[in-house]
file data19.txt (compact mmCIF, C-alpha atoms and all ligand atoms)
# COMPACT_ATOMS: atom_id res chain seq x y z
CA MET A 711 -15.46 -37.51 -22.84
CA LEU A 712 -12.25 -38.96 -24.16
CA SER A 713 -11.81 -42.70 -24.05
CA GLU A 714 -8.54 -44.53 -23.46
CA THR A 715 -8.90 -46.06 -26.94
CA ASP A 716 -9.05 -42.59 -28.52
CA ILE A 717 -5.95 -41.54 -26.58
CA LEU A 718 -3.89 -44.60 -27.63
CA GLN A 719 -5.05 -44.22 -31.22
CA ALA A 720 -3.83 -40.59 -31.21
CA VAL A 721 -0.44 -41.70 -29.85
CA ARG A 722 -0.15 -44.41 -32.55
CA GLN A 723 -1.07 -41.93 -35.28
CA HIS A 724 1.49 -39.43 -33.97
CA ILE A 725 4.26 -42.06 -34.02
CA ALA A 726 3.27 -43.01 -37.58
CA GLU A 727 3.24 -39.37 -38.74
CA ARG A 728 6.74 -38.91 -37.34
CA GLY A 729 7.89 -41.90 -39.40
CA GLU A 730 8.97 -43.77 -36.26
CA ALA A 731 6.68 -46.78 -36.66
CA PRO A 732 9.37 -49.08 -38.14
CA THR A 733 11.80 -48.45 -35.24
CA MET A 734 9.45 -47.93 -32.31
CA GLY A 735 6.47 -50.01 -33.32
CA LEU A 736 2.85 -49.00 -32.69
CA PRO A 737 1.87 -49.45 -29.03
CA THR A 738 -1.21 -51.49 -28.17
CA SER A 739 -1.31 -50.43 -24.53
CA GLY A 740 -0.16 -47.53 -22.35
CA GLU A 741 -0.30 -46.28 -18.78
CA ILE A 742 -2.72 -43.38 -18.85
CA THR A 743 -3.01 -40.75 -16.10
CA TRP A 744 -5.74 -38.17 -16.39
CA HIS A 745 -5.16 -34.51 -15.56
CA SER A 746 -7.84 -31.86 -15.64
CA LEU A 747 -6.63 -28.36 -16.32
CA LEU A 748 -8.66 -25.49 -14.94
CA GLU A 749 -7.67 -21.85 -15.40
CA GLY A 750 -9.21 -18.44 -15.04
CA THR A 751 -10.28 -15.87 -12.49
CA ALA A 752 -13.04 -15.50 -9.95
CA VAL A 753 -14.00 -12.02 -8.74
CA ARG A 754 -16.04 -11.84 -5.55
CA CYS A 755 -17.71 -8.77 -4.16
CA ILE A 756 -17.34 -8.79 -0.36
CA GLU A 757 -19.63 -6.51 1.61
CA THR A 758 -19.05 -5.19 5.15
CA ARG A 759 -21.44 -3.02 7.18
CA THR A 760 -20.11 -0.95 10.09
CA GLU A 761 -21.44 1.81 12.35
CA ASP A 762 -19.56 4.76 13.82
CA GLU A 763 -20.37 7.80 15.99
CA ARG A 764 -19.47 10.96 14.08
CA ILE A 765 -18.95 14.58 15.11
CA HIS A 766 -18.78 17.48 12.68
CA ARG A 767 -17.40 20.84 13.81
CA GLY A 768 -19.66 23.52 12.44
CA ARG A 769 -22.78 23.01 10.33
CA ILE A 770 -23.34 20.23 7.82
CA ASP A 771 -26.27 19.22 5.63
CA LEU A 772 -26.90 15.47 5.95
CA SER A 773 -30.32 15.51 4.28
CA ASP A 774 -29.01 14.08 0.99
CA ARG A 775 -27.58 10.96 2.65
CA PRO A 776 -29.67 7.78 2.68
CA GLN A 777 -31.15 6.84 6.05
CA TYR A 778 -31.46 3.47 7.75
CA ASP A 779 -33.11 1.99 10.80
CA ARG A 780 -31.13 -1.21 11.21
CA LEU A 781 -27.99 -1.28 9.13
CA GLU A 782 -27.81 -5.06 8.66
CA ARG A 783 -31.39 -5.05 7.33
CA HIS A 784 -30.98 -2.04 5.03
CA PRO A 785 -31.90 -3.15 1.50
CA LEU A 786 -29.39 -2.36 -1.21
CA ALA A 787 -29.37 -3.51 -4.86
CA PRO A 788 -26.64 -6.02 -5.79
CA PRO A 789 -23.61 -4.49 -7.53
CA LYS A 790 -23.77 -4.11 -11.32
CA ASP A 791 -20.08 -4.95 -11.53
CA PRO A 792 -18.57 -7.03 -8.70
CA ALA A 793 -15.08 -5.82 -9.68
CA VAL A 794 -15.84 -2.20 -8.73
CA ALA A 795 -15.23 -1.03 -5.14
CA THR A 796 -17.92 1.18 -3.62
CA THR A 797 -18.48 2.84 -0.23
CA LEU A 798 -21.92 4.09 0.81
CA LYS A 799 -22.33 6.36 3.85
CA LEU A 800 -25.73 6.42 5.53
CA VAL A 801 -27.26 8.15 8.53
CA GLN A 802 -29.20 6.33 11.23
CA ARG A 803 -32.69 7.78 11.30
CA GLY A 804 -33.22 10.11 14.29
CA SER A 805 -29.56 10.13 15.37
CA VAL A 806 -28.65 13.61 14.10
CA LYS A 807 -28.16 16.18 16.89
CA GLU A 808 -27.36 19.82 16.19
CA ASP A 809 -25.94 21.53 19.29
CA PRO A 810 -24.58 24.97 20.13
CA CYS A 811 -21.12 24.53 21.70
CA PRO A 812 -20.86 25.46 25.40
CA CYS A 813 -18.20 28.02 24.41
CA GLY A 814 -20.94 30.13 22.85
CA ASN A 815 -19.17 32.02 20.05
CA GLY A 816 -16.41 29.52 19.17
CA ARG A 817 -13.68 31.37 21.09
CA VAL A 818 -12.05 30.57 24.42
CA THR A 819 -9.41 32.31 26.58
CA CYS A 820 -5.91 32.08 25.12
CA SER A 821 -4.05 29.49 27.17
CA ARG A 822 -0.63 31.08 26.64
CA CYS A 823 -1.34 34.61 27.87
CA GLN A 824 -4.35 33.67 30.04
CA GLY A 825 -6.42 36.22 28.15
CA ARG A 826 -4.18 39.25 28.78
CA GLY A 827 -3.11 39.51 25.15
CA ASP A 828 0.52 40.20 26.08
CA LEU A 829 3.47 38.40 27.63
CA PRO A 830 6.24 39.80 29.89
CA CYS A 831 9.49 40.62 28.04
CA ALA A 832 12.87 41.82 29.36
CA ALA A 833 13.32 45.56 28.56
CA THR A 834 17.06 45.19 27.86
CA THR A 835 19.28 42.44 26.56
CA THR A 836 23.03 41.84 26.91
CA CYS A 837 25.04 43.72 24.25
CA SER A 838 25.89 41.26 21.53
CA ASP A 839 29.18 43.02 20.57
CA CYS A 840 30.92 43.07 23.98
CA ARG A 841 28.65 40.41 25.52
CA GLY A 842 28.62 42.72 28.57
CA ILE A 843 32.14 41.59 29.53
CA ASP A 844 34.30 44.52 28.46
CA ALA A 845 31.71 47.22 27.96
CA CYS A 846 34.20 49.85 29.26
CA LEU A 847 37.97 49.45 29.65
CA ARG A 848 37.95 51.79 32.68
CA CYS A 849 34.77 51.03 34.65
CA ASP A 850 33.55 47.65 33.27
CA GLY A 851 30.11 49.22 32.93
CA THR A 852 29.87 50.14 36.65
CA GLY A 853 30.50 53.90 36.29
CA HIS A 854 33.43 53.72 38.76
CA ARG A 855 36.85 53.93 37.16
CA THR A 856 38.57 51.03 38.87
CA ARG A 857 41.16 50.41 36.16
CA LYS A 858 44.10 52.47 34.97
CA ALA A 859 43.97 54.08 31.57
CA PRO A 860 45.70 51.74 29.14
CA GLU A 861 48.88 53.12 27.56
CA GLU A 862 47.63 52.18 24.14
CA THR A 863 44.43 50.70 22.79
CA ARG A 864 44.44 47.00 23.65
CA HIS A 865 42.86 45.81 20.46
CA ALA A 866 43.64 47.96 17.47
CA ALA A 867 40.59 46.58 15.74
CA ASP A 868 38.19 47.61 18.54
CA GLU A 869 36.56 50.93 17.92
CA ARG A 870 36.12 52.58 21.34
CA VAL A 871 33.90 55.55 22.17
CA THR A 872 33.29 57.80 25.19
CA CYS A 873 31.72 55.86 28.10
CA LYS A 874 28.22 56.97 29.08
CA LYS A 875 28.79 55.60 32.58
CA CYS A 876 32.14 57.02 33.61
CA GLY A 877 32.92 59.52 30.85
CA ALA A 878 36.33 58.00 29.89
CA PHE A 879 37.44 58.75 26.30
CA ASP A 880 37.94 55.93 23.81
CA ALA A 881 37.13 53.33 26.45
CA ALA A 882 33.58 52.07 25.82
CA CYS A 883 32.02 49.52 23.43
CA SER A 884 30.58 51.46 20.49
CA THR A 885 27.31 49.50 20.53
CA CYS A 886 26.27 49.85 24.19
CA ARG A 887 28.50 52.85 25.02
CA GLY A 888 29.68 51.25 28.23
CA ARG A 889 26.34 50.05 29.54
CA GLY A 890 26.84 46.37 28.66
CA GLN A 891 23.09 46.20 27.86
CA VAL A 892 21.05 47.33 24.88
CA THR A 893 17.33 48.05 24.53
CA CYS A 894 15.28 44.88 23.69
CA SER A 895 14.35 45.00 20.01
CA THR A 896 11.21 42.86 20.53
CA CYS A 897 9.44 45.15 23.03
CA GLN A 898 11.44 48.33 22.34
CA GLY A 899 12.08 48.51 26.08
CA ARG A 900 8.39 48.44 27.04
CA GLY A 901 8.79 45.25 29.12
CA VAL A 902 5.78 43.48 27.51
CA ARG A 903 5.19 42.02 24.06
CA GLU A 904 2.12 40.95 22.09
CA CYS A 905 1.10 37.27 22.63
CA PRO A 906 2.00 35.51 19.34
CA ASP A 907 -0.62 32.75 19.86
CA CYS A 908 -3.63 35.09 19.85
CA ASP A 909 -2.05 38.16 18.17
CA GLY A 910 -2.94 40.15 21.27
CA GLU A 911 -6.64 39.22 21.13
CA GLY A 912 -6.62 37.25 24.40
CA THR A 913 -8.81 34.51 22.88
CA GLU A 914 -8.25 31.56 20.53
CA PRO A 915 -10.62 29.32 18.50
CA HIS A 916 -12.25 26.53 20.52
CA LYS A 917 -10.86 23.13 19.42
CA ARG A 918 -14.02 21.07 20.02
CA CYS A 919 -16.12 23.20 17.62
CA ALA A 920 -13.18 24.42 15.47
CA GLY A 921 -14.18 27.97 16.32
CA THR A 922 -17.69 27.63 14.89
CA GLY A 923 -19.63 27.56 18.19
CA HIS A 924 -21.68 24.65 16.77
CA THR A 925 -21.45 20.86 16.46
CA VAL A 926 -23.42 18.14 14.68
CA THR A 927 -23.28 14.54 15.89
CA TRP A 928 -24.86 11.43 14.34
CA THR A 929 -24.55 7.68 13.93
CA GLU A 930 -23.07 6.80 10.56
CA GLY A 931 -23.53 3.49 8.80
CA ILE A 932 -20.97 2.48 6.18
CA ILE A 933 -21.65 -0.17 3.57
CA SER A 934 -18.38 -1.04 1.88
CA ARG A 935 -18.11 -3.35 -1.12
CA GLN A 936 -14.66 -4.53 -2.12
CA PRO A 937 -13.73 -6.86 -5.00
CA ARG A 938 -11.49 -9.84 -4.24
CA THR A 939 -9.92 -11.42 -7.30
CA GLU A 940 -8.63 -14.97 -7.22
CA GLU A 941 -6.50 -16.45 -9.98
CA ILE A 942 -7.36 -20.07 -10.50
CA LYS A 943 -4.82 -22.54 -11.83
CA TRP A 944 -5.32 -26.25 -11.42
CA PRO A 945 -3.34 -28.38 -10.89
CA GLU A 946 -1.06 -25.96 -9.04
CA SER A 947 1.99 -28.14 -9.65
CA GLY A 948 3.06 -31.54 -10.91
CA LEU A 949 2.64 -30.82 -14.61
CA PRO A 950 5.69 -29.88 -16.73
CA TYR A 951 5.67 -26.22 -17.73
CA MET A 952 6.09 -27.07 -21.43
CA ALA A 953 3.13 -29.45 -21.45
CA ARG A 954 0.94 -26.78 -19.86
CA GLN A 955 2.13 -24.12 -22.33
CA ARG A 956 1.35 -26.37 -25.31
CA ALA A 957 -2.09 -27.15 -23.94
CA ARG A 958 -2.73 -23.42 -23.40
CA GLU A 959 -1.78 -22.65 -26.97
CA TYR A 960 -3.32 -25.52 -28.93
CA GLY A 961 -5.98 -26.97 -26.64
CA ASN A 962 -9.67 -26.66 -27.40
CA TRP A 963 -10.64 -25.31 -23.98
CA ARG A 964 -14.19 -25.54 -22.74
CA LYS A 965 -15.13 -22.07 -21.51
CA THR A 966 -17.75 -20.80 -19.13
CA PHE A 967 -18.59 -17.37 -17.75
CA LEU A 968 -20.64 -17.27 -14.59
CA ALA A 969 -22.18 -13.92 -13.75
CA GLN A 970 -23.54 -12.87 -10.38
CA THR A 971 -25.12 -15.83 -8.66
CA ASP A 972 -25.47 -18.25 -11.63
CA SER A 973 -25.10 -21.79 -10.50
CA VAL A 974 -22.78 -24.09 -12.42
CA PRO A 975 -24.39 -24.88 -15.81
CA ASP A 976 -25.70 -28.44 -16.15
CA GLU A 977 -24.33 -29.09 -19.63
CA LEU A 978 -20.69 -28.87 -18.50
CA GLU A 979 -18.60 -32.04 -18.25
CA ASP A 980 -18.86 -33.71 -14.83
CA GLU A 981 -15.13 -33.29 -14.31
CA PHE A 982 -15.37 -29.54 -15.08
CA LYS A 983 -18.33 -29.18 -12.68
CA ALA A 984 -16.49 -31.09 -9.96
CA LEU A 985 -13.51 -28.74 -10.27
CA LEU A 986 -15.68 -25.62 -10.29
CA LYS A 987 -17.91 -26.31 -7.33
CA PRO A 988 -15.38 -26.04 -4.46
CA ARG A 989 -13.87 -22.91 -6.04
CA LEU A 990 -17.17 -21.10 -6.26
CA LYS A 991 -18.24 -21.68 -2.67
CA PRO A 992 -19.52 -18.40 -1.23
CA ARG A 993 -17.08 -16.59 1.08
CA ASP A 994 -17.92 -14.58 4.20
CA GLY A 995 -19.72 -11.40 3.18
CA GLU A 996 -19.94 -12.39 -0.49
CA ILE A 997 -22.88 -10.74 -2.24
CA ALA A 998 -21.92 -11.22 -5.89
CA ARG A 999 -19.43 -13.19 -7.91
CA GLU A 1000 -18.18 -13.43 -11.47
CA ALA A 1001 -16.05 -16.26 -12.75
CA ASP A 1002 -14.35 -16.62 -16.11
CA LEU A 1003 -13.03 -20.15 -16.38
CA ARG A 1004 -11.80 -22.71 -18.88
CA TYR A 1005 -11.21 -26.41 -18.69
CA LEU A 1006 -9.23 -28.94 -20.67
CA PRO A 1007 -8.85 -32.69 -20.07
CA LEU A 1008 -5.29 -33.88 -20.57
CA ALA A 1009 -3.95 -37.43 -20.63
CA ARG A 1010 -0.40 -38.39 -19.72
CA VAL A 1011 0.62 -41.58 -21.50
CA VAL A 1012 3.65 -43.80 -20.96
CA VAL A 1013 4.14 -46.68 -23.38
CA PRO A 1014 5.85 -49.71 -21.74
CA GLU A 1015 7.94 -50.38 -24.91
CA HIS A 1016 9.69 -46.96 -24.74
CA ARG A 1017 9.61 -45.46 -21.29
CA HIS A 1018 12.02 -42.64 -22.14
CA ARG A 1019 9.06 -40.64 -23.50
CA VAL A 1020 5.90 -39.15 -22.04
CA TYR A 1021 3.03 -38.40 -24.41
CA TYR A 1022 0.60 -35.62 -23.47
CA VAL A 1023 -2.71 -35.91 -25.31
CA TYR A 1024 -5.49 -33.31 -25.25
CA PRO A 1025 -8.33 -32.17 -27.55
CA GLY A 1026 -7.26 -29.58 -30.13
CA GLN A 1027 -9.41 -27.50 -32.51
CA SER A 1028 -9.97 -30.34 -35.02
CA LYS A 1029 -8.36 -33.46 -33.55
CA LEU A 1030 -6.50 -34.80 -30.56
CA GLN A 1031 -3.13 -33.11 -30.07
CA VAL A 1032 -0.05 -35.05 -28.99
CA PHE A 1033 3.01 -33.50 -27.38
CA ILE A 1034 6.15 -35.45 -26.43
CA LEU A 1035 8.49 -34.75 -23.53
CA PRO A 1036 11.39 -36.92 -22.41
CA SER A 1037 10.53 -38.80 -19.24
CA SER A 1038 12.21 -37.53 -16.07
CA GLN A 1039 14.38 -40.67 -16.08
CA ARG A 1040 15.42 -39.81 -19.64
CA THR A 1041 16.07 -36.17 -18.66
CA TRP A 1042 18.56 -37.34 -16.03
CA GLN A 1043 20.22 -39.59 -18.60
CA ILE A 1044 20.61 -36.63 -20.98
CA ALA A 1045 21.89 -34.39 -18.17
CA GLY A 1046 24.33 -37.13 -17.20
CA ALA A 1047 25.56 -37.44 -20.80
CA VAL A 1048 26.06 -33.67 -21.07
CA PHE A 1049 27.90 -33.61 -17.75
CA GLY A 1050 30.09 -36.53 -18.87
CA ALA A 1051 30.99 -34.70 -22.10
CA LEU A 1052 31.89 -31.55 -20.14
CA ALA A 1053 34.07 -33.58 -17.78
CA VAL A 1054 35.95 -35.09 -20.73
CA LEU A 1055 36.50 -31.61 -22.25
CA TYR A 1056 37.77 -30.36 -18.90
CA LEU A 1057 40.24 -33.24 -18.55
CA LEU A 1058 41.39 -32.75 -22.17
CA SER A 1059 41.99 -29.06 -21.60
CA ARG A 1060 44.01 -29.86 -18.44
CA PHE A 1061 45.95 -32.50 -20.35
CA LEU A 1062 46.72 -30.29 -23.34
CA SER A 1063 47.73 -27.12 -21.50
ZN ZN B 1 -16.89 25.66 21.09
ZN ZN B 2 -2.63 35.00 23.95
ZN ZN B 3 33.18 53.56 31.78
ZN ZN B 4 28.68 46.60 24.30
ZN ZN B 5 11.65 42.94 25.54
call {"tool": "encode", "arguments": {"input": "data19.txt", "output": "structure tokens", "more": "lines below"}}
Ligand SMILES: [Zn+2]
Ligand SMILES: [Zn+2]
Ligand SMILES: [Zn+2]
Ligand SMILES: [Zn+2]
Ligand SMILES: [Zn+2]
result
Amino acid sequence: MLSETDILQAVRQHIAERGEAPTMGLPTSGEITWHSLLEGTAVRCIETRTEDERIHRGRIDLSDRPQYDRLERHPLAPPKDPAVATTLKLVQRGSVKEDPCPCGNGRVTCSRCQGRGDLPCAATTTCSDCRGIDACLRCDGTGHRTRKAPEETRHAADERVTCKKCGAFDAACSTCRGRGQVTCSTCQGRGVRECPDCDGEGTEPHKRCAGTGHTVTWTEGIISRQPRTEEIKWPESGLPYMARQRAREYGNWRKTFLAQTDSVPDELEDEFKALLKPRLKPRDGEIAREADLRYLPLARVVVPEHRHRVYYVYPGQSKLQVFILPSSQRTWQIAGAVFGALAVLYLLSRFLS
């Protein structure tokens, strides 16, 4: 454990090494605030056990699945690696039922054609060329010549043929020959067409058994293990970014790796242990945990004789490390000075232009 004397001695030595002793003097006291840095990750394995009624359409072999009597009591070895997600599916002993489906062979009457295999279809459709409107210029498709013969063809582009209904020359639509209707291409005029849902069979696969005529039902137990990773960074705020970065780079961090259910090792510093304990509290459903953590004590020192500086002191590889940041008061002074200089430049530029 670092003592306040060690910390002040490190600050004095740092000032001396920087050659500032003659101007700043060597402090004999300082206001020391202790910070404890804790960083790392904790990975927890969270287990949930759920049951579900299952149905399988057709046949299925469940004999290779593990069986259980009471899911919450089912023994299962702890995970080898808490960071790996696993899902285990089990079958409740005695719950498997193999049943023939009431449909018998997996097929039921087609709902669209009611089992007939065909659907009604109009034998003729309206002619698409004349749309049935001017099928014949003389009889309009009725067979009775009610109109006079035109002196010349009304539409030069229209090709007209002899009407099958009234016999007039060059009067009828060439596609329907005066009928206004053409034979249905779907049923070729038969008046019925094959049901497209069952291809004329009259039956379709039964949905409940997916056409297999057989179902298997059982109670399934699922044991799911999911990792939950938590990044740990303490303190979360309140420490300047630069001070933290320096400590990360040059600090002699105390490390510990806790596997599975290890309790916090006794030989760790009390402060380290105190920080660890609340973070390693078991969570709901936790069955395993791994934590990779490091700790560094850090002292923040302000010397009454020169309050414009903050000294950060922490253990390094061979000796105590000291890092200086301007105090926040000093930072505002510097910012103010910079702003003042910019304002002067601005006024000068206005004045000179
Ligand atoms: Zn069925
Ligand atoms: Zn059908
Ligand atoms: Zn006609
Ligand atoms: Zn026509
Ligand atoms: Zn048809």
call {"tool": "closest_residue", "arguments": {"input": "data19.txt", "among": "A:Gly910, A:Pro737, A:Gly923, A:Pro792", "to": "ligand ZN 2 (chain B)", "atoms": "only C-alpha atoms and all ligand atoms"}}
result
A:Gly910
call {"tool": "atom_distance", "arguments": {"input": "data19.txt", "atom1": "atom CA of A:Pro975", "atom2": "atom CA of A:Tyr1024"}}
result
22.7 Å
call {"tool": "residues_near_point", "arguments": {"input": "data19.txt", "point": "(-1.4, 40.3, 28.9)", "cutoff": "9 Å", "atoms": "all atoms listed in the file", "output": "count of residues only"}}
result
14
call {"tool": "atom_distance", "arguments": {"input": "data19.txt", "atom1": "atom CA of A:Pro812", "atom2": "atom CA of A:Ile765"}}
result
15.1 Å
call {"tool": "residues_around", "arguments": {"input": "data19.txt", "residues": "stretch 846-858 of chain A", "least_positions_apart": "6", "cutoff": "9 Å", "atoms": "all atoms listed in the file", "output": "NGL selection string"}}
result
:A and (870 or 872-878 or 880-883 or 887-890)
call {"tool": "residues_around", "arguments": {"input": "data19.txt", "residues": "stretch 955-961 of chain A", "least_positions_apart": "2", "cutoff": "8 Å", "atoms": "all atoms listed in the file", "output": "ChimeraX atom specification"}}
result
/A:951-953,963,1006,1024-1027,1031,1033
call {"tool": "closest_residue", "arguments": {"input": "data19.txt", "among": "A:Ala984, A:Ile932, A:Leu1035, A:Ala832", "to": "ligand ZN 5 (chain B)", "atoms": "only C-alpha atoms and all ligand atoms"}}
result
A:Ala832
call {"tool": "residues_around", "arguments": {"input": "data19.txt", "residues": "A:Ala726", "least_positions_apart": "6", "cutoff": "10 Å", "atoms": "all atoms listed in the file", "output": "PyMOL selection string"}}
result
chain A and resi 720+732+734-736
call {"tool": "write_last_selection", "arguments": {"input": "data19.txt", "atoms": "C-alpha atoms", "output": "mmCIF file, in the coordinates of the input"}}
result
data_model
loop_
_atom_site.group_PDB
_atom_site.id
_atom_site.type_symbol
_atom_site.label_atom_id
_atom_site.label_comp_id
_atom_site.auth_asym_id
_atom_site.auth_seq_id
_atom_site.Cartn_x
_atom_site.Cartn_y
_atom_site.Cartn_z
ATOM 1 C CA ALA A 720 -3.830 -40.590 -31.210
ATOM 2 C CA PRO A 732 9.370 -49.080 -38.140
ATOM 3 C CA MET A 734 9.450 -47.930 -32.310
ATOM 4 C CA GLY A 735 6.470 -50.010 -33.320
ATOM 5 C CA LEU A 736 2.850 -49.000 -32.690
#
call {"tool": "atom_distance", "arguments": {"input": "data19.txt", "atom1": "atom CA of A:Leu949", "atom2": "atom CA of A:Glu1000"}}
result
27.3 Å
call {"tool": "closest_residue", "arguments": {"input": "data19.txt", "among": "A:Cys886, A:Ala920, A:Cys897, A:Leu712", "to": "ligand ZN 1 (chain B)", "atoms": "all atoms listed in the file"}}
result
A:Ala920
call {"tool": "build_atoms", "arguments": {"input": "data19.txt", "residues": "stretch 903-916 of chain A", "atoms": "N, CA and C atoms", "output": "PDB file, in the frame of the given file"}}
result
ATOM      1  N   ARG A 903       5.333  42.194  25.504  1.00  0.00           N
ATOM      2  CA  ARG A 903       5.190  42.020  24.060  1.00  0.00           C
ATOM      3  C   ARG A 903       3.852  41.353  23.770  1.00  0.00           C
ATOM      4  N   GLU A 904       3.415  41.511  22.500  1.00  0.00           N
ATOM      5  CA  GLU A 904       2.120  40.950  22.090  1.00  0.00           C
ATOM      6  C   GLU A 904       2.198  39.417  22.142  1.00  0.00           C
ATOM      7  N   CYS A 905       1.124  38.746  22.606  1.00  0.00           N
ATOM      8  CA  CYS A 905       1.100  37.270  22.630  1.00  0.00           C
ATOM      9  C   CYS A 905       1.019  36.764  21.194  1.00  0.00           C
ATOM     10  N   PRO A 906       2.013  35.952  20.741  1.00  0.00           N
ATOM     11  CA  PRO A 906       2.000  35.510  19.340  1.00  0.00           C
ATOM     12  C   PRO A 906       0.897  34.478  19.055  1.00  0.00           C
ATOM     13  N   ASP A 907       0.398  33.782  20.085  1.00  0.00           N
ATOM     14  CA  ASP A 907      -0.620  32.750  19.860  1.00  0.00           C
ATOM     15  C   ASP A 907      -1.978  33.362  19.498  1.00  0.00           C
ATOM     16  N   CYS A 908      -2.300  34.505  20.089  1.00  0.00           N
ATOM     17  CA  CYS A 908      -3.630  35.090  19.850  1.00  0.00           C
ATOM     18  C   CYS A 908      -3.524  36.456  19.190  1.00  0.00           C
ATOM     19  N   ASP A 909      -2.294  36.844  18.773  1.00  0.00           N
ATOM     20  CA  ASP A 909      -2.050  38.160  18.170  1.00  0.00           C
ATOM     21  C   ASP A 909      -2.598  39.282  19.041  1.00  0.00           C
ATOM     22  N   GLY A 910      -2.519  39.095  20.362  1.00  0.00           N
ATOM     23  CA  GLY A 910      -2.940  40.150  21.270  1.00  0.00           C
ATOM     24  C   GLY A 910      -4.429  40.175  21.552  1.00  0.00           C
ATOM     25  N   GLU A 911      -5.179  39.226  20.968  1.00  0.00           N
ATOM     26  CA  GLU A 911      -6.640  39.220  21.130  1.00  0.00           C
ATOM     27  C   GLU A 911      -7.049  38.732  22.534  1.00  0.00           C
ATOM     28  N   GLY A 912      -6.264  37.823  23.098  1.00  0.00           N
ATOM     29  CA  GLY A 912      -6.620  37.250  24.400  1.00  0.00           C
ATOM     30  C   GLY A 912      -7.509  36.027  24.291  1.00  0.00           C
ATOM     31  N   THR A 913      -7.964  35.707  23.075  1.00  0.00           N
ATOM     32  CA  THR A 913      -8.810  34.510  22.880  1.00  0.00           C
ATOM     33  C   THR A 913      -8.281  33.705  21.698  1.00  0.00           C
ATOM     34  N   GLU A 914      -8.637  32.413  21.664  1.00  0.00           N
ATOM     35  CA  GLU A 914      -8.250  31.560  20.530  1.00  0.00           C
ATOM     36  C   GLU A 914      -9.453  30.688  20.153  1.00  0.00           C
ATOM     37  N   PRO A 915      -9.465  30.129  18.913  1.00  0.00           N
ATOM     38  CA  PRO A 915     -10.620  29.320  18.500  1.00  0.00           C
ATOM     39  C   PRO A 915     -10.758  28.072  19.375  1.00  0.00           C
ATOM     40  N   HIS A 916     -11.987  27.703  19.706  1.00  0.00           N
ATOM     41  CA  HIS A 916     -12.250  26.530  20.520  1.00  0.00           C
ATOM     42  C   HIS A 916     -12.005  25.275  19.669  1.00  0.00           C
TER      43      HIS A 916
END
